[in-house]
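To be precise, the following lines are model29.txt, and they hold compact mmCIF, C-alpha atoms.
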# COMPACT_ATOMS: atom_id res chain seq x y z
CA MET V 1 12.62 7.78 -14.57
CA PRO V 2 10.56 4.97 -13.03
CA THR V 3 7.10 4.10 -14.30
CA ILE V 4 4.55 3.94 -11.46
CA ARG V 5 0.86 3.36 -12.07
CA VAL V 6 -2.12 2.61 -9.85
CA GLN V 7 -5.12 1.63 -11.92
CA ALA V 8 -8.34 -0.39 -12.01
CA GLN V 9 -7.73 -2.02 -15.37
CA ASP V 10 -5.52 -5.02 -16.16
CA PHE V 11 -2.06 -4.54 -17.67
CA ASP V 12 0.25 -6.26 -20.14
CA ALA V 13 3.14 -7.37 -17.93
CA ALA V 14 5.26 -8.64 -20.83
CA ALA V 15 4.94 -5.34 -22.71
CA GLU V 16 5.72 -3.34 -19.54
CA ALA V 17 8.88 -5.39 -18.91
CA ARG V 18 9.95 -5.26 -22.56
CA ALA V 19 9.61 -1.46 -22.58
CA LEU V 20 12.30 -1.21 -19.88
CA SER V 21 15.03 -2.60 -22.14
CA GLN V 22 13.74 -1.45 -25.51
CA GLY V 23 16.34 0.49 -27.48
CA ARG V 24 19.01 0.06 -24.79
CA THR V 25 22.24 -1.92 -24.82
CA ASP V 26 23.44 -1.33 -21.25
CA ILE V 27 20.91 -3.61 -19.50
CA GLY V 28 22.12 -7.13 -18.73
CA ALA V 29 19.38 -8.24 -16.35
CA LEU V 30 15.63 -7.74 -16.36
CA VAL V 31 13.54 -9.18 -13.51
CA SER V 32 9.76 -9.16 -13.80
CA PHE V 33 7.46 -10.28 -10.97
CA VAL V 34 3.68 -10.55 -11.25
CA GLY V 35 1.38 -11.12 -8.25
CA LEU V 36 -1.84 -12.96 -9.11
CA CYS V 37 -5.17 -13.41 -7.37
CA ARG V 38 -5.58 -16.97 -5.98
CA ASP V 39 -8.98 -18.66 -5.64
CA GLU V 40 -8.13 -20.15 -2.20
CA GLY V 41 -9.26 -23.63 -3.24
CA GLY V 42 -12.39 -22.38 -5.01
CA ARG V 43 -13.73 -20.35 -2.07
CA LEU V 44 -12.74 -16.92 -3.34
CA ALA V 45 -14.77 -15.24 -6.09
CA ALA V 46 -12.88 -11.93 -6.14
CA LEU V 47 -10.68 -9.55 -4.18
CA GLU V 48 -11.91 -6.02 -3.58
CA ILE V 49 -8.87 -3.78 -3.29
CA GLU V 50 -9.29 -0.36 -1.66
CA HIS V 51 -6.52 2.22 -1.93
CA TYR V 52 -5.59 5.74 -0.85
CA PRO V 53 -5.38 7.68 -4.13
CA ASP V 54 -2.23 9.79 -4.55
CA MET V 55 -0.63 8.39 -1.41
CA ALA V 56 -0.42 4.99 -3.12
CA GLU V 57 1.62 6.44 -5.99
CA ALA V 58 3.67 8.60 -3.59
CA GLU V 59 4.51 5.67 -1.31
CA ILE V 60 5.49 3.44 -4.25
CA ALA V 61 7.69 6.29 -5.51
CA ARG V 62 9.41 6.49 -2.10
CA ALA V 63 10.07 2.73 -2.17
CA VAL V 64 11.45 2.98 -5.72
CA ALA V 65 13.72 5.88 -4.65
CA GLU V 66 15.06 3.71 -1.80
CA ALA V 67 15.72 0.85 -4.22
CA GLU V 68 17.46 3.20 -6.65
CA ALA V 69 19.65 4.56 -3.86
CA ARG V 70 20.64 1.05 -2.93
CA TRP V 71 21.30 -0.68 -6.23
CA PRO V 72 22.53 0.52 -9.65
CA LEU V 73 19.18 0.21 -11.41
CA LEU V 74 18.65 1.13 -15.04
CA GLY V 75 14.87 1.03 -14.96
CA VAL V 76 11.93 0.28 -12.66
CA THR V 77 8.24 -0.27 -13.38
CA VAL V 78 5.56 -0.83 -10.75
CA VAL V 79 1.87 -1.30 -11.59
CA HIS V 80 -0.72 -2.00 -8.87
CA ARG V 81 -4.43 -2.52 -9.42
CA HIS V 82 -7.35 -1.49 -7.25
CA GLY V 83 -11.03 -2.37 -7.42
CA THR V 84 -12.28 -5.86 -8.25
CA VAL V 85 -9.70 -8.51 -9.17
CA ARG V 86 -10.79 -12.08 -9.91
CA PRO V 87 -8.87 -15.35 -9.46
CA GLY V 88 -6.23 -15.80 -12.12
CA GLU V 89 -6.03 -12.06 -12.79
CA GLN V 90 -2.97 -9.93 -12.18
CA ILE V 91 -2.86 -7.69 -9.09
CA VAL V 92 0.61 -6.19 -9.16
CA MET V 93 3.81 -6.18 -11.16
CA VAL V 94 7.33 -5.07 -10.41
CA ALA V 95 10.02 -5.02 -13.08
CA THR V 96 13.60 -4.00 -12.46
CA ALA V 97 16.49 -3.62 -14.90
CA SER V 98 20.18 -3.48 -14.14
CA ALA V 99 23.55 -4.34 -15.68
CA HIS V 100 23.72 -7.48 -13.53
CA ARG V 101 21.13 -9.85 -12.11
CA GLY V 102 21.98 -9.47 -8.40
CA ALA V 103 20.76 -5.89 -8.22
CA ALA V 104 17.68 -6.57 -10.34
CA PHE V 105 16.58 -9.58 -8.24
CA ALA V 106 17.21 -7.86 -4.91
CA ALA V 107 15.47 -4.62 -5.89
CA ALA V 108 12.39 -6.48 -7.19
CA GLU V 109 12.15 -8.44 -3.95
CA MET V 110 12.56 -5.35 -1.77
CA LEU V 111 9.93 -3.46 -3.75
CA MET V 112 7.42 -6.29 -3.36
CA ASP V 113 8.12 -6.52 0.38
CA TYR V 114 7.58 -2.77 0.72
CA LEU V 115 4.41 -2.84 -1.37
CA LYS V 116 2.94 -5.49 0.93
CA THR V 117 3.54 -3.55 4.13
CA ARG V 118 3.80 0.16 3.25
CA ALA V 119 1.73 0.90 0.17
CA PRO V 120 -1.78 2.01 1.18
CA PHE V 121 -3.88 -0.82 -0.25
CA TRP V 122 -6.36 -3.01 1.66
CA LYS V 123 -7.79 -6.28 0.40
CA ARG V 124 -11.11 -7.87 1.16
CA ALA V 125 -12.35 -11.21 -0.14
CA ARG V 126 -15.67 -11.78 -1.85
CA ARG V 127 -16.68 -15.43 -1.43
CA ALA V 128 -18.08 -17.71 -4.13
CA ASP V 129 -21.46 -17.63 -2.32
CA GLY V 130 -21.59 -13.83 -2.68
CA THR V 131 -20.76 -12.92 0.91
CA ILE V 132 -18.13 -10.29 1.64
CA GLU V 133 -15.50 -11.39 4.10
CA SER V 134 -13.84 -9.17 6.63
CA TRP V 135 -10.65 -7.38 5.63
CA VAL V 136 -7.54 -9.42 4.95
CA GLU V 137 -5.27 -9.16 8.00
CA ALA V 138 -1.68 -8.06 7.63
CA LYS V 139 0.65 -11.04 7.95
CA ASP V 140 3.53 -11.10 10.42
CA ARG V 141 5.66 -12.86 7.83
CA ASP V 142 5.18 -9.95 5.38
CA VAL V 143 6.23 -7.49 8.08
CA ALA V 144 9.28 -9.65 8.91
CA SER V 145 10.10 -9.95 5.22
CA ALA V 146 10.02 -6.17 4.77
CA ALA V 147 12.05 -5.61 7.96
CA ARG V 148 14.97 -7.57 6.47
CA TRP V 149 15.74 -4.58 4.25
CA ASP V 150 15.95 -2.18 7.18
CA GLU V 151 18.78 -4.12 8.81
CA ARG V 152 21.20 -4.09 5.91
CA MET A 1 -8.02 19.89 8.68
CA LYS A 2 -9.39 17.10 6.57
CA ALA A 3 -9.52 13.57 8.01
CA VAL A 4 -9.78 10.54 5.73
CA TYR A 5 -10.44 6.93 6.69
CA PHE A 6 -9.89 3.65 4.91
CA ALA A 7 -10.93 -0.03 5.08
CA TRP A 8 -12.47 -1.05 8.42
CA VAL A 9 -11.66 2.28 10.05
CA ARG A 10 -13.85 3.91 7.38
CA GLU A 11 -16.59 1.31 7.83
CA ARG A 12 -16.70 1.60 11.59
CA ILE A 13 -16.85 5.41 11.51
CA GLY A 14 -19.37 5.30 8.67
CA LYS A 15 -17.73 7.91 6.46
CA SER A 16 -14.68 8.16 4.27
CA GLU A 17 -13.75 11.78 5.01
CA GLU A 18 -14.72 14.84 7.03
CA GLU A 19 -13.47 18.22 8.20
CA ILE A 20 -12.32 18.18 11.81
CA GLU A 21 -11.31 20.97 14.18
CA PRO A 22 -9.51 19.46 17.12
CA PRO A 23 -8.81 21.76 20.10
CA PRO A 24 -5.29 23.21 20.49
CA GLU A 25 -4.28 20.68 23.17
CA VAL A 26 -4.52 17.94 20.51
CA ARG A 27 -0.94 18.16 19.28
CA THR A 28 0.00 14.73 17.93
CA ILE A 29 -1.49 11.88 15.94
CA GLY A 30 -1.81 9.94 19.21
CA ASP A 31 -3.71 12.85 20.78
CA LEU A 32 -5.98 13.03 17.74
CA ILE A 33 -6.79 9.31 17.93
CA ALA A 34 -7.75 9.70 21.60
CA TRP A 35 -9.83 12.81 20.81
CA LEU A 36 -11.66 11.12 17.92
CA ALA A 37 -12.25 7.97 20.00
CA GLY A 38 -14.11 10.10 22.54
CA ARG A 39 -16.62 11.43 20.01
CA ASP A 40 -19.12 8.58 20.01
CA GLU A 41 -19.46 4.80 19.96
CA ALA A 42 -18.62 4.46 16.26
CA TYR A 43 -15.33 6.35 16.65
CA ALA A 44 -14.61 4.50 19.89
CA HIS A 45 -15.04 1.20 18.03
CA ALA A 46 -12.81 2.31 15.15
CA PHE A 47 -10.04 3.43 17.49
CA GLU A 48 -10.52 0.85 20.28
CA ASN A 49 -7.03 -0.58 19.67
CA PRO A 50 -4.71 2.34 18.77
CA LYS A 51 -1.78 -0.07 18.31
CA VAL A 52 -3.26 -1.42 15.07
CA ILE A 53 -4.12 2.01 13.66
CA ARG A 54 -1.73 3.37 11.04
CA ALA A 55 -1.65 7.08 10.21
CA ALA A 56 -0.48 9.42 7.49
CA ILE A 57 -0.09 13.19 7.36
CA ASP A 58 -0.38 14.74 3.91
CA ARG A 59 0.01 11.32 2.31
CA ALA A 60 3.15 10.14 4.06
CA HIS A 61 3.31 7.56 6.87
CA VAL A 62 3.82 8.95 10.37
CA LYS A 63 4.18 7.56 13.89
CA PRO A 64 1.79 8.33 16.79
CA ASP A 65 4.13 11.00 18.16
CA ALA A 66 4.06 12.97 14.88
CA ARG A 67 2.92 16.57 15.39
CA LEU A 68 -0.13 17.93 13.62
CA GLU A 69 1.12 21.48 13.00
CA GLY A 70 0.62 22.42 9.37
CA ALA A 71 -1.17 19.19 8.49
CA ARG A 72 -3.79 19.62 5.79
CA GLU A 73 -4.90 15.99 5.56
CA VAL A 74 -4.62 13.26 8.17
CA ALA A 75 -5.46 9.65 7.36
CA PHE A 76 -6.23 6.65 9.57
CA PHE A 77 -6.28 3.07 8.37
CA PRO A 78 -5.47 -0.52 9.35
CA PRO A 79 -2.14 -2.21 8.53
CA MET A 80 -1.80 -2.41 4.77
CA THR A 81 -2.35 -5.55 2.74
CA GLY A 82 -1.26 -4.61 -0.78
CA GLY A 83 0.95 -6.46 -3.20

Kindly present the structure from the file in structure tokens form.
Amino acid sequence: MPTIRVQAQDFDAAAEARALSQGRTDIGALVSFVGLCRDEGGRLAALEIEHYPDMAEAEIARAVAEAEARWPLLGVTVVHRHGTVRPGEQIVMVATASAHRGAAFAAAEMLMDYLKTRAPFWKRARRADGTIESWVEAKDRDVASAARWDER
Amino acid sequence: MKAVYFAWVRERIGKSEEEIEPPPEVRTIGDLIAWLAGRDEAYAHAFENPKVIRAAIDRAHVKPDARLEGAREVAFFPPMTGG
């Protein structure tokens, strides 16, 4: 049963990852990825992250189901924040557990690629001078990165 | 049906959700975008470039040719920038 959470508050990535393997002896590989908010060379004061409640969880669950159909996973955790996130803070985490590292690495990468392009979240930058920037534009390289998984 | 809007689509329209009653000839998501765009300048601005509009029916992604029959909630938003 995967753990999927969309929340405003910060999370303990180490504890989330540790929980995947706790009390188990069949897991040989645990991959944990954390996406952080950058300050863009000091220009960014915060990210404002809007999301579509319920669809965000549903879409992450669909991505996790695809990953589970593809690789022999023994555990998956995805946590994504919304609201205000400041530089240095965590935005998202993906943790995957499997018997071997290949599946865990690949599944974590696919899940992050899918989160970037399919999960209903939209970022906007608040500048250090207090002004709100226009919405972050989707990047072609993220779309291309996600498309890799469709071709296999 | 209920329509919900996010990010700059929401800002341009000036509301996050509303009840809509499109006429029967509006059968697909593409039809609905064209119908909404004809409402007033704010909607026209939000939907001026249908190619960049993403849509969902009942909280699952759909393409412009998706049919609206049975839809309870339709959503329109820009390409996503999560992660």

One residue among V:Ala128, V:His80, V:Cys37, V:Leu74 is nearest to Thr25 (chain V) when using only C-alpha atoms, and that residue is V:Leu74

Using all atoms listed in the file and a cut-off of 10 Å, which residues of chain V sit close to chain A? Please list them as a PyMOL selection string. chain V and resi 34-36+49-59+62+79-82+91-94+111-124+134-139+142-143

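By chain and then residue number, the residues within 8 Å of region 12-24 of chain V are Ile27, Leu30, Ser32, Val34, Gly75, Val76, Thr77, Met93, Ala95 and Ala97 of chain V, counting only C-alpha atoms and disregarding those fewer than 3 positions away in sequence.
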
Would you compute, for all listed atoms of region 20-29 of chain V, the axis-aligned bounding box grown by 6 Å on each side, and then report its centre and edge lengths in Å rounded to one decimal, as JSON?
{"center_x": 17.9, "center_y": -3.9, "center_z": -21.9, "size_x": 23.1, "size_y": 20.7, "size_z": 23.1}

Counting all atoms listed in the file, select every polymer residue within 10 Å of (21.4, 1.4, -12.1) as defined in the file's coordinates, and provide the selection as a PDB file with C-alpha atoms, in the coordinates of the input.
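Saved to part-v1.pdb:
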ATOM      1  CA  ASP V  26      23.440  -1.330 -21.250  1.00  0.00           C
ATOM      2  CA  ILE V  27      20.910  -3.610 -19.500  1.00  0.00           C
ATOM      3  CA  ALA V  67      15.720   0.850  -4.220  1.00  0.00           C
ATOM      4  CA  GLU V  68      17.460   3.200  -6.650  1.00  0.00           C
ATOM      5  CA  ALA V  69      19.650   4.560  -3.860  1.00  0.00           C
ATOM      6  CA  ARG V  70      20.640   1.050  -2.930  1.00  0.00           C
ATOM      7  CA  TRP V  71      21.300  -0.680  -6.230  1.00  0.00           C
ATOM      8  CA  PRO V  72      22.530   0.520  -9.650  1.00  0.00           C
ATOM      9  CA  LEU V  73      19.180   0.210 -11.410  1.00  0.00           C
ATOM     10  CA  LEU V  74      18.650   1.130 -15.040  1.00  0.00           C
ATOM     11  CA  GLY V  75      14.870   1.030 -14.960  1.00  0.00           C
ATOM     12  CA  VAL V  76      11.930   0.280 -12.660  1.00  0.00           C
ATOM     13  CA  THR V  96      13.600  -4.000 -12.460  1.00  0.00           C
ATOM     14  CA  ALA V  97      16.490  -3.620 -14.900  1.00  0.00           C
ATOM     15  CA  SER V  98      20.180  -3.480 -14.140  1.00  0.00           C
ATOM     16  CA  ALA V  99      23.550  -4.340 -15.680  1.00  0.00           C
ATOM     17  CA  HIS V 100      23.720  -7.480 -13.530  1.00  0.00           C
ATOM     18  CA  ALA V 103      20.760  -5.890  -8.220  1.00  0.00           C
ATOM     19  CA  ALA V 104      17.680  -6.570 -10.340  1.00  0.00           C
TER      20      ALA V 104
END

Trp35 (chain A) environment, 10 Å, all atoms listed in the file, sequence neighbours closer than 2 positions dropped, as a tab-separated table (two decimals) with C-alpha atoms, in the coordinates of the input:
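Okay, out32.tsv is ready:
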chain	number	residue	atom	x	y	z
A	22	PRO	CA	-9.51	19.46	17.12
A	23	PRO	CA	-8.81	21.76	20.10
A	25	GLU	CA	-4.28	20.68	23.17
A	26	VAL	CA	-4.52	17.94	20.51
A	29	ILE	CA	-1.49	11.88	15.94
A	30	GLY	CA	-1.81	9.94	19.21
A	31	ASP	CA	-3.71	12.85	20.78
A	32	LEU	CA	-5.98	13.03	17.74
A	33	ILE	CA	-6.79	9.31	17.93
A	37	ALA	CA	-12.25	7.97	20.00
A	38	GLY	CA	-14.11	10.10	22.54
A	39	ARG	CA	-16.62	11.43	20.01
A	43	TYR	CA	-15.33	6.35	16.65
A	44	ALA	CA	-14.61	4.50	19.89
A	47	PHE	CA	-10.04	3.43	17.49

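Across the structure, CA of Ile60 (chain V) and CA of Lys51 (chain A) are spaced 24.0 Å apart.
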
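Taking CA of Val64 (chain V) as the reference point, CA of Pro2 (chain V) is found at 7.6 Å.
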
Using only C-alpha atoms, the residue out of V:Asp10, V:Arg5, V:Glu89, V:Ala107 with shortest distance to Val31 (chain V) is V:Ala107

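Distance annotation: of A:Met1, A:Val62, A:Ala34, A:Ile20, the residue with the minimal separation from Asn49 (chain A) is A:Ala34; atom set is only C-alpha atoms.
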
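Going from CA of Asp39 (chain V) over to CA of Val6 (chain V), you cover 22.7 Å.
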